[in-house]
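Chemist: First the structure, then my questions, so here it is.
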Amino acid sequence: MFQLTLARKKILWAYLFLAIPLIFFLYIRIYPTLFAFEMSLYDWNPLAEEQEYIGTENYERLATELNNPRSVTRAAFSNTIVYVVLGVPIQLSIALLVALMLNEIGRLTMLYRLLFFLPFVTSTISIAWVFRALYQPQFGFLNVLLTLFSLPQQPFLKSPTQALPSILAMIIWQGLGFAVIIFLAGVKQIPRDYYEAATVDGANRWQSFRRITLPLLNPSIVYLIVLQSISFLRTFAPVLAMTTQGDGGPLNSTTTVVLRIYREAFQRFDMGFAAAQTVFLFAIILVVTIVQMRLTTRATD
Amino acid sequence: MSRSKFTVFLLSCLLVLLMSSQAFLQDDVIEIEYWQYNFGGRIEAMDDLIAQFEAANPDVRVIHNSDIAYDNFRDEIAASAPAGVGPDVVTLFYGWIPAFVDAGYLVPLPEEDFPAEWIESYFSPMVAESKFLDQYWSIPTAVRTLALFWNKDMFEAAGLDPEKPPTTLEELVEMAQALTIYDGNGTEILNIAQEGFPPQLSGQWHHWFREVLLRQYGGVPYSDDLRSVMWNSPEGCEAFTYMSDFETVYKTGSNDLFTDATNAFVTGLAAIHIDGSFRLGTIRNNNPDLNYGVAELPVGPNGERHNFGSYWTHGITRRAAGDERRMDAAVRFLKFITTAEAGLTWVEYTGELPAQLEAAADEELLADPILGPFAASLAYSHATFFVDETAQRQVLIDAFDNIRLAGVDPCQALNDAALVEQEILDQFWADQ
């Protein structure tokens, strides 16, 4: 037996401890992810014993459905784009505003931060059900408020035009706390001297914000845009919980790519087609992320 | 741990192992698994039947898995299958059978144990309609039909005879309007305080359209070879317009109010409702004081009666077929839970009708004021042949939503929907 020094032993133990989560991660997350690529080439039915290899047929079907205006798949992809394009900028703008305000106050700071962060750590499904109740036609809190001010009642989740914004509002609200905390940490990093110097030079608040805060916050902004875009691209649970029987309706107006993937895989037993959509979504996320990283990092250079 | 303690620990482990394996060797009991989705009365009914079965068959133990919610039932089966676990006998909605057969998940019922002639003479005719690829893949304990539920207190309050439910389609419209109460701020859907008759396509109304109204207006839902959609006919359009008018013209209710139409009826906020016999159990559990009656569905313009019959049906899985002893136990269990006696036990717990003709003709059952109308409807019930029940249902839900939410003309909405459903049918048959 060869002797190990104490330092080496420590390192060895560290690797040993790291290996366990690593193995778990490889087997539970990485392997299934790669497996989806293979699955997408099969007519994969989870109930069947043997799976039939069909080459790129699932991808051809995906292309056909994306071109078919009646198809649910197409609705899912276009809705998902709306969730991202509206969700990310609105959420981040509000979060930045809140972070700047939180940065100004000196009393009860912890309480305010806690209040903003609380929804983020609450179960999405329970929040979705609470919002569902708030949005109820007739007796929902929002409609009671509207009636109180003699405004017409609104169908919210029951309307093909209002349902998506209603769900989006909930998602934005729930994820707000996370973005606020990241922004707050970023704002705290900016030295006070910069603002003082700017004030001496006669800059107003807007100018300091434009010229100091925004550029120096750039790393946080890039980080949040990338992360939140990915999160909005994966919208699933709120739609499942807030629409009638989780169907992504009315009239497919709220359905998302991930909801469709789930339905295809586990309700229609078409894992192959679901996997093809997963791969396609993966490609979209990859491209979006790379483009965002390039564009937003270049801005600071 | 000291060495002696460790030895004691090891020895006791060994002892436990030995004893348990001994138990296995001694009593020659085969365990099979039975799965159904979580629904109050059915669980109790099956627990009762399993207890009787095990008493008569001491060599079989049936594990009853009824913990899975309806919404996740198929997910769980799909997750269990690749893992090589799951049920030996499973209860599925009859409309799902083609998909499960297609995947090779179910095995055909053995002809010597379940002869085709016996199935056809012993069970309700709608069971014979589920023959698929020239074979029987499952048989039910019970079947369900639709009926009209009405709230007697509301009839009385509206000045109607509480013992006279609507019997024709015109009467249904008149009474639904008379029973609708608005809150005083207007007569739009959102002003409704009490619903006369709320449409619920996601509930039983899509069945009411395909197999009842459409036929009463002189149409048929599908071609004889089951490959073509036929409900987008002029008759279909009339029938669908009749349905959608309740929400868009007469404004007698909407599924968007009071959670949904079923809930509205059960909690006493809707006066008339169309539902299956399984709803009797829901009412008993959630609002036993509801003063309601049940009647056969109204006759159509041609005076004809039609009804939609459906059922949850038991099949034997590939897993059971892989082992001779399991298969034998599964066959015996399936036979036991589909006898006429089992059917009569079932009806007590669930309100679902016995699937066996002899039990369904039970005089006591026919005379029952609540179950009688359901039982009487068996003779003129049709079971739709679904290739993908969820998707085909969604097609009609969307057609209805297009009318009420997007202002599309009913005939146009129906034509658009037919294109979508035809694609579903084509896709299914192309794989056969």
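Chains: A, B, ... in order of the structure tokens. Residues: from 1 per chain. Ligands: from 1, in order shown.
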Find the residues in chain B near chain A: any atom within 6 Å counts, using only C-alpha atoms. Write them as a PyMOL selection string.
Modeler: chain B and resi 75+78+81+103-105+398
Chemist: Report as a PyMOL selection string all protein, DNA and RNA residues lying within 9 Å of range 83-95 of chain A, evaluated on only C-alpha atoms, omitting residues in the same chain fewer than 2 positions from it.
Modeler: chain A and resi 78-81+97-100+164-165+168-169+171-173+175-181+183+221+224-225+228-233+235+256
Chemist: Keeping only C-alpha atoms, write the selected residues as a PDB file, in the first residue's frame.
Modeler:
ATOM      1  CA  SER A  78     -46.069  30.959 -31.708  1.00  0.00           C
ATOM      2  CA  ASN A  79     -47.514  31.318 -28.181  1.00  0.00           C
ATOM      3  CA  THR A  80     -44.153  30.417 -26.688  1.00  0.00           C
ATOM      4  CA  ILE A  81     -42.513  33.183 -28.695  1.00  0.00           C
ATOM      5  CA  LEU A  97     -37.235  49.467 -11.159  1.00  0.00           C
ATOM      6  CA  VAL A  98     -38.000  47.595  -7.946  1.00  0.00           C
ATOM      7  CA  ALA A  99     -34.298  46.902  -7.317  1.00  0.00           C
ATOM      8  CA  LEU A 100     -33.419  50.579  -7.715  1.00  0.00           C
ATOM      9  CA  LEU A 164     -52.308  34.513 -22.381  1.00  0.00           C
ATOM     10  CA  PRO A 165     -51.681  37.969 -20.863  1.00  0.00           C
ATOM     11  CA  LEU A 168     -48.129  35.867 -18.332  1.00  0.00           C
ATOM     12  CA  ALA A 169     -48.887  38.354 -15.552  1.00  0.00           C
ATOM     13  CA  ILE A 171     -45.445  34.211 -14.355  1.00  0.00           C
ATOM     14  CA  ILE A 172     -43.882  37.681 -14.386  1.00  0.00           C
ATOM     15  CA  TRP A 173     -45.013  38.310 -10.829  1.00  0.00           C
ATOM     16  CA  GLY A 175     -40.293  35.251 -11.088  1.00  0.00           C
ATOM     17  CA  LEU A 176     -39.880  38.922 -10.223  1.00  0.00           C
ATOM     18  CA  GLY A 177     -38.193  38.346  -6.863  1.00  0.00           C
ATOM     19  CA  PHE A 178     -35.356  36.392  -8.383  1.00  0.00           C
ATOM     20  CA  ALA A 179     -34.563  39.125 -10.909  1.00  0.00           C
ATOM     21  CA  VAL A 180     -34.847  41.789  -8.209  1.00  0.00           C
ATOM     22  CA  ILE A 181     -32.286  40.038  -6.004  1.00  0.00           C
ATOM     23  CA  PHE A 183     -30.255  43.336  -9.864  1.00  0.00           C
ATOM     24  CA  ILE A 221     -28.652  42.090 -17.358  1.00  0.00           C
ATOM     25  CA  LEU A 224     -30.941  37.558 -16.422  1.00  0.00           C
ATOM     26  CA  ILE A 225     -31.928  37.903 -20.073  1.00  0.00           C
ATOM     27  CA  GLN A 228     -35.265  34.276 -18.042  1.00  0.00           C
ATOM     28  CA  SER A 229     -35.532  33.668 -21.800  1.00  0.00           C
ATOM     29  CA  ILE A 230     -34.782  30.016 -21.191  1.00  0.00           C
ATOM     30  CA  SER A 231     -37.281  29.937 -18.361  1.00  0.00           C
ATOM     31  CA  PHE A 232     -40.041  31.547 -20.471  1.00  0.00           C
ATOM     32  CA  LEU A 233     -39.266  29.182 -23.349  1.00  0.00           C
ATOM     33  CA  THR A 235     -43.329  27.651 -19.660  1.00  0.00           C
ATOM     34  CA  THR A 256     -46.873  26.133 -25.002  1.00  0.00           C
TER      35      THR A 256
END
Chemist: Give me the residues within 10 Å of Asp245 in chain B as a list in words, counting only C-alpha atoms and dropping any in the same chain fewer than 5 places off.
Modeler: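 Contacts, with the query itself left out: Val173, Pro199, Phe240, Tyr250, Lys251, Thr252, Ile403, Arg404 and Pro410 of chain B.
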Chemist: Suppose you want the space between CA of Glu341 in chain B and CA of Tyr94 in chain B; what is it in Å?
Modeler: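 We find that CA of Glu341 in chain B and CA of Tyr94 in chain B lie 21.6 Å from each other.
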Chemist: Give the helix (DSSP H, G or I) residues of range 146-182 of chain A, as assigned by DSSP on the backbone, as a list in words.
Modeler: Leu146, Thr147, Leu148, Phe156, Leu157, Lys158, Ala163, Leu164, Pro165, Ser166, Ile167, Leu168, Ala169, Met170, Ile171, Ile172, Trp173, Gln174, Gly175, Leu176, Gly177, Phe178, Ala179, Val180, Ile181 and Ile182 of chain A
Chemist: Output the selection as a short mmCIF file (atom, residue, chain, number, x, y, z; two decimals), in the first residue's frame - N, CA, C and O atoms for each residue.
Modeler:
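Written file, again-v1.cif:
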data_model
loop_
_atom_site.label_atom_id
_atom_site.label_comp_id
_atom_site.auth_asym_id
_atom_site.auth_seq_id
_atom_site.Cartn_x
_atom_site.Cartn_y
_atom_site.Cartn_z
N LEU A 146 -63.55 45.21 -10.32
CA LEU A 146 -64.07 45.91 -11.50
C LEU A 146 -65.50 46.36 -11.27
O LEU A 146 -65.87 47.50 -11.59
N THR A 147 -66.33 45.46 -10.72
CA THR A 147 -67.72 45.79 -10.48
C THR A 147 -67.84 46.95 -9.49
O THR A 147 -68.68 47.82 -9.64
N LEU A 148 -66.95 46.93 -8.51
CA LEU A 148 -66.93 47.97 -7.48
C LEU A 148 -66.75 49.35 -8.13
O LEU A 148 -67.33 50.34 -7.69
N PHE A 156 -61.15 37.13 -18.52
CA PHE A 156 -59.75 36.73 -18.25
C PHE A 156 -59.38 35.39 -18.88
O PHE A 156 -59.28 35.29 -20.10
N LEU A 157 -59.20 34.35 -18.03
CA LEU A 157 -58.70 33.06 -18.54
C LEU A 157 -59.66 32.39 -19.52
O LEU A 157 -59.29 31.44 -20.20
N LYS A 158 -60.90 32.86 -19.58
CA LYS A 158 -61.88 32.21 -20.44
C LYS A 158 -61.93 32.85 -21.82
O LYS A 158 -62.75 32.47 -22.65
N ALA A 163 -56.49 35.41 -22.14
CA ALA A 163 -55.95 34.31 -21.33
C ALA A 163 -54.43 34.34 -21.26
O ALA A 163 -53.85 34.23 -20.18
N LEU A 164 -53.78 34.52 -22.41
CA LEU A 164 -52.31 34.51 -22.38
C LEU A 164 -51.74 35.65 -21.54
O LEU A 164 -50.91 35.39 -20.66
N PRO A 165 -52.18 36.90 -21.74
CA PRO A 165 -51.68 37.97 -20.86
C PRO A 165 -51.95 37.70 -19.38
O PRO A 165 -51.13 38.02 -18.52
N SER A 166 -53.11 37.08 -19.08
CA SER A 166 -53.43 36.79 -17.68
C SER A 166 -52.43 35.81 -17.08
O SER A 166 -51.97 35.97 -15.95
N ILE A 167 -52.11 34.78 -17.85
CA ILE A 167 -51.15 33.79 -17.35
C ILE A 167 -49.76 34.42 -17.28
O ILE A 167 -49.02 34.24 -16.31
N LEU A 168 -49.44 35.22 -18.29
CA LEU A 168 -48.13 35.87 -18.33
C LEU A 168 -47.93 36.76 -17.10
O LEU A 168 -46.85 36.77 -16.50
N ALA A 169 -48.98 37.47 -16.72
CA ALA A 169 -48.89 38.35 -15.55
C ALA A 169 -48.49 37.56 -14.31
O ALA A 169 -47.65 37.99 -13.52
N MET A 170 -49.08 36.38 -14.17
CA MET A 170 -48.75 35.55 -13.02
C MET A 170 -47.29 35.11 -13.07
O MET A 170 -46.58 35.14 -12.07
N ILE A 171 -46.82 34.70 -14.24
CA ILE A 171 -45.44 34.21 -14.35
C ILE A 171 -44.46 35.35 -14.06
O ILE A 171 -43.47 35.17 -13.36
N ILE A 172 -44.76 36.53 -14.61
CA ILE A 172 -43.88 37.68 -14.39
C ILE A 172 -43.80 37.99 -12.90
O ILE A 172 -42.73 38.15 -12.33
N TRP A 173 -44.96 38.00 -12.26
CA TRP A 173 -45.01 38.31 -10.83
C TRP A 173 -44.23 37.27 -10.02
O TRP A 173 -43.47 37.60 -9.12
N GLN A 174 -44.41 36.00 -10.39
CA GLN A 174 -43.77 34.96 -9.59
C GLN A 174 -42.25 35.01 -9.69
O GLN A 174 -41.54 34.80 -8.71
N GLY A 175 -41.74 35.29 -10.89
CA GLY A 175 -40.29 35.25 -11.09
C GLY A 175 -39.60 36.57 -10.75
O GLY A 175 -38.38 36.67 -10.80
N LEU A 176 -40.42 37.58 -10.44
CA LEU A 176 -39.88 38.92 -10.22
C LEU A 176 -38.80 38.95 -9.14
O LEU A 176 -37.74 39.54 -9.31
N GLY A 177 -39.08 38.30 -8.02
CA GLY A 177 -38.19 38.35 -6.86
C GLY A 177 -36.77 37.92 -7.20
O GLY A 177 -35.80 38.54 -6.74
N PHE A 178 -36.67 36.89 -8.00
CA PHE A 178 -35.36 36.39 -8.38
C PHE A 178 -34.57 37.46 -9.14
O PHE A 178 -33.43 37.79 -8.80
N ALA A 179 -35.23 38.08 -10.13
CA ALA A 179 -34.56 39.12 -10.91
C ALA A 179 -34.21 40.33 -10.03
O ALA A 179 -33.14 40.93 -10.18
N VAL A 180 -35.10 40.65 -9.10
CA VAL A 180 -34.85 41.79 -8.21
C VAL A 180 -33.57 41.55 -7.40
O VAL A 180 -32.72 42.43 -7.29
N ILE A 181 -33.45 40.35 -6.84
CA ILE A 181 -32.29 40.04 -6.00
C ILE A 181 -30.99 40.14 -6.81
O ILE A 181 -29.99 40.72 -6.37
N ILE A 182 -31.01 39.62 -8.03
CA ILE A 182 -29.81 39.68 -8.87
C ILE A 182 -29.47 41.13 -9.19
O ILE A 182 -28.32 41.56 -9.08
#
Chemist: I'd like to know which of A:Met242, A:Met293, A:Ala63, A:Ala274 is closest to Leu41 in chain A, using only C-alpha atoms.
Modeler: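 For Leu41 in chain A, the nearest of the given residues is A:Ala274.
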Chemist: How far is it from CA of Glu174 in chain B to CA of Gln194 in chain B, in Å with one decimal?
Modeler: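 For CA of Glu174 in chain B relative to CA of Gln194 in chain B, the distance reads 15.4 Å.
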Chemist: Using only C-alpha atoms, which of B:Ile424, B:Leu226, B:Leu405, B:Ala51 sits nearest Phe132 in chain B?
Modeler: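 Nearest candidate to Phe132 in chain B out of B:Ile424, B:Leu226, B:Leu405, B:Ala51: B:Leu226.
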Chemist: Find, counting only C-alpha atoms, the residue in B:Leu179, B:Leu396, B:Leu378, B:Asn57 that gets nearest to Leu419 in chain B.
Modeler: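 With only C-alpha atoms as the atom set, the closest residue is B:Leu396.
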Chemist: For Gly315 in chain B, work out the shell of residues within 10 Å, counting only C-alpha atoms and skipping chain neighbours fewer than 3 positions away, then give it as a PyMOL selection string.
Modeler: chain B and resi 87-92+94+97+100-101+105-109+136-140+312+318+330-331+334
Chemist: Suppose we keep C-alpha atoms; can you now write the selection as a PDB file, in the first residue's frame?
Modeler:
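Final file, result_20.pdb:
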ATOM      1  CA  PRO B  87     -51.018  -3.887 -13.966  1.00  0.00           C
ATOM      2  CA  ASP B  88     -51.925  -7.406 -15.058  1.00  0.00           C
ATOM      3  CA  VAL B  89     -55.551  -6.409 -15.342  1.00  0.00           C
ATOM      4  CA  VAL B  90     -56.256  -2.773 -16.117  1.00  0.00           C
ATOM      5  CA  THR B  91     -59.432  -0.730 -16.430  1.00  0.00           C
ATOM      6  CA  LEU B  92     -59.377   1.692 -19.364  1.00  0.00           C
ATOM      7  CA  TYR B  94     -63.321   1.980 -23.969  1.00  0.00           C
ATOM      8  CA  ILE B  97     -58.599   0.583 -26.327  1.00  0.00           C
ATOM      9  CA  PHE B 100     -53.441   0.377 -26.233  1.00  0.00           C
ATOM     10  CA  VAL B 101     -54.007  -2.473 -28.676  1.00  0.00           C
ATOM     11  CA  TYR B 105     -50.053  -3.350 -24.491  1.00  0.00           C
ATOM     12  CA  LEU B 106     -53.205  -5.458 -24.261  1.00  0.00           C
ATOM     13  CA  VAL B 107     -53.521  -9.089 -25.288  1.00  0.00           C
ATOM     14  CA  PRO B 108     -56.714 -10.427 -26.866  1.00  0.00           C
ATOM     15  CA  LEU B 109     -59.107 -12.111 -24.446  1.00  0.00           C
ATOM     16  CA  TYR B 136     -62.293  -8.679 -28.171  1.00  0.00           C
ATOM     17  CA  TRP B 137     -59.634  -7.028 -26.049  1.00  0.00           C
ATOM     18  CA  SER B 138     -61.604  -6.161 -22.945  1.00  0.00           C
ATOM     19  CA  ILE B 139     -64.969  -6.526 -21.214  1.00  0.00           C
ATOM     20  CA  PRO B 140     -66.669  -4.253 -18.702  1.00  0.00           C
ATOM     21  CA  TRP B 312     -64.698   1.615 -18.518  1.00  0.00           C
ATOM     22  CA  ARG B 318     -48.829  -8.108 -22.018  1.00  0.00           C
ATOM     23  CA  ALA B 330     -55.784 -12.669 -14.479  1.00  0.00           C
ATOM     24  CA  VAL B 331     -58.312 -14.624 -16.555  1.00  0.00           C
ATOM     25  CA  LEU B 334     -61.488 -10.920 -15.086  1.00  0.00           C
TER      26      LEU B 334
END
Chemist: When you look at Tyr242 in chain B with a cut-off of 12 Å (counting only C-alpha atoms), what residues show up, excluding the ones that are within fewer than 3 positions of it in the same chain? I need them as a count of residues only.
Modeler: 28
Chemist: What does the distance between CA of Ala383 in chain B and CA of Ala45 in chain B come to in Å, to one decimal place?
Modeler: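 It comes out at 23.9 Å.
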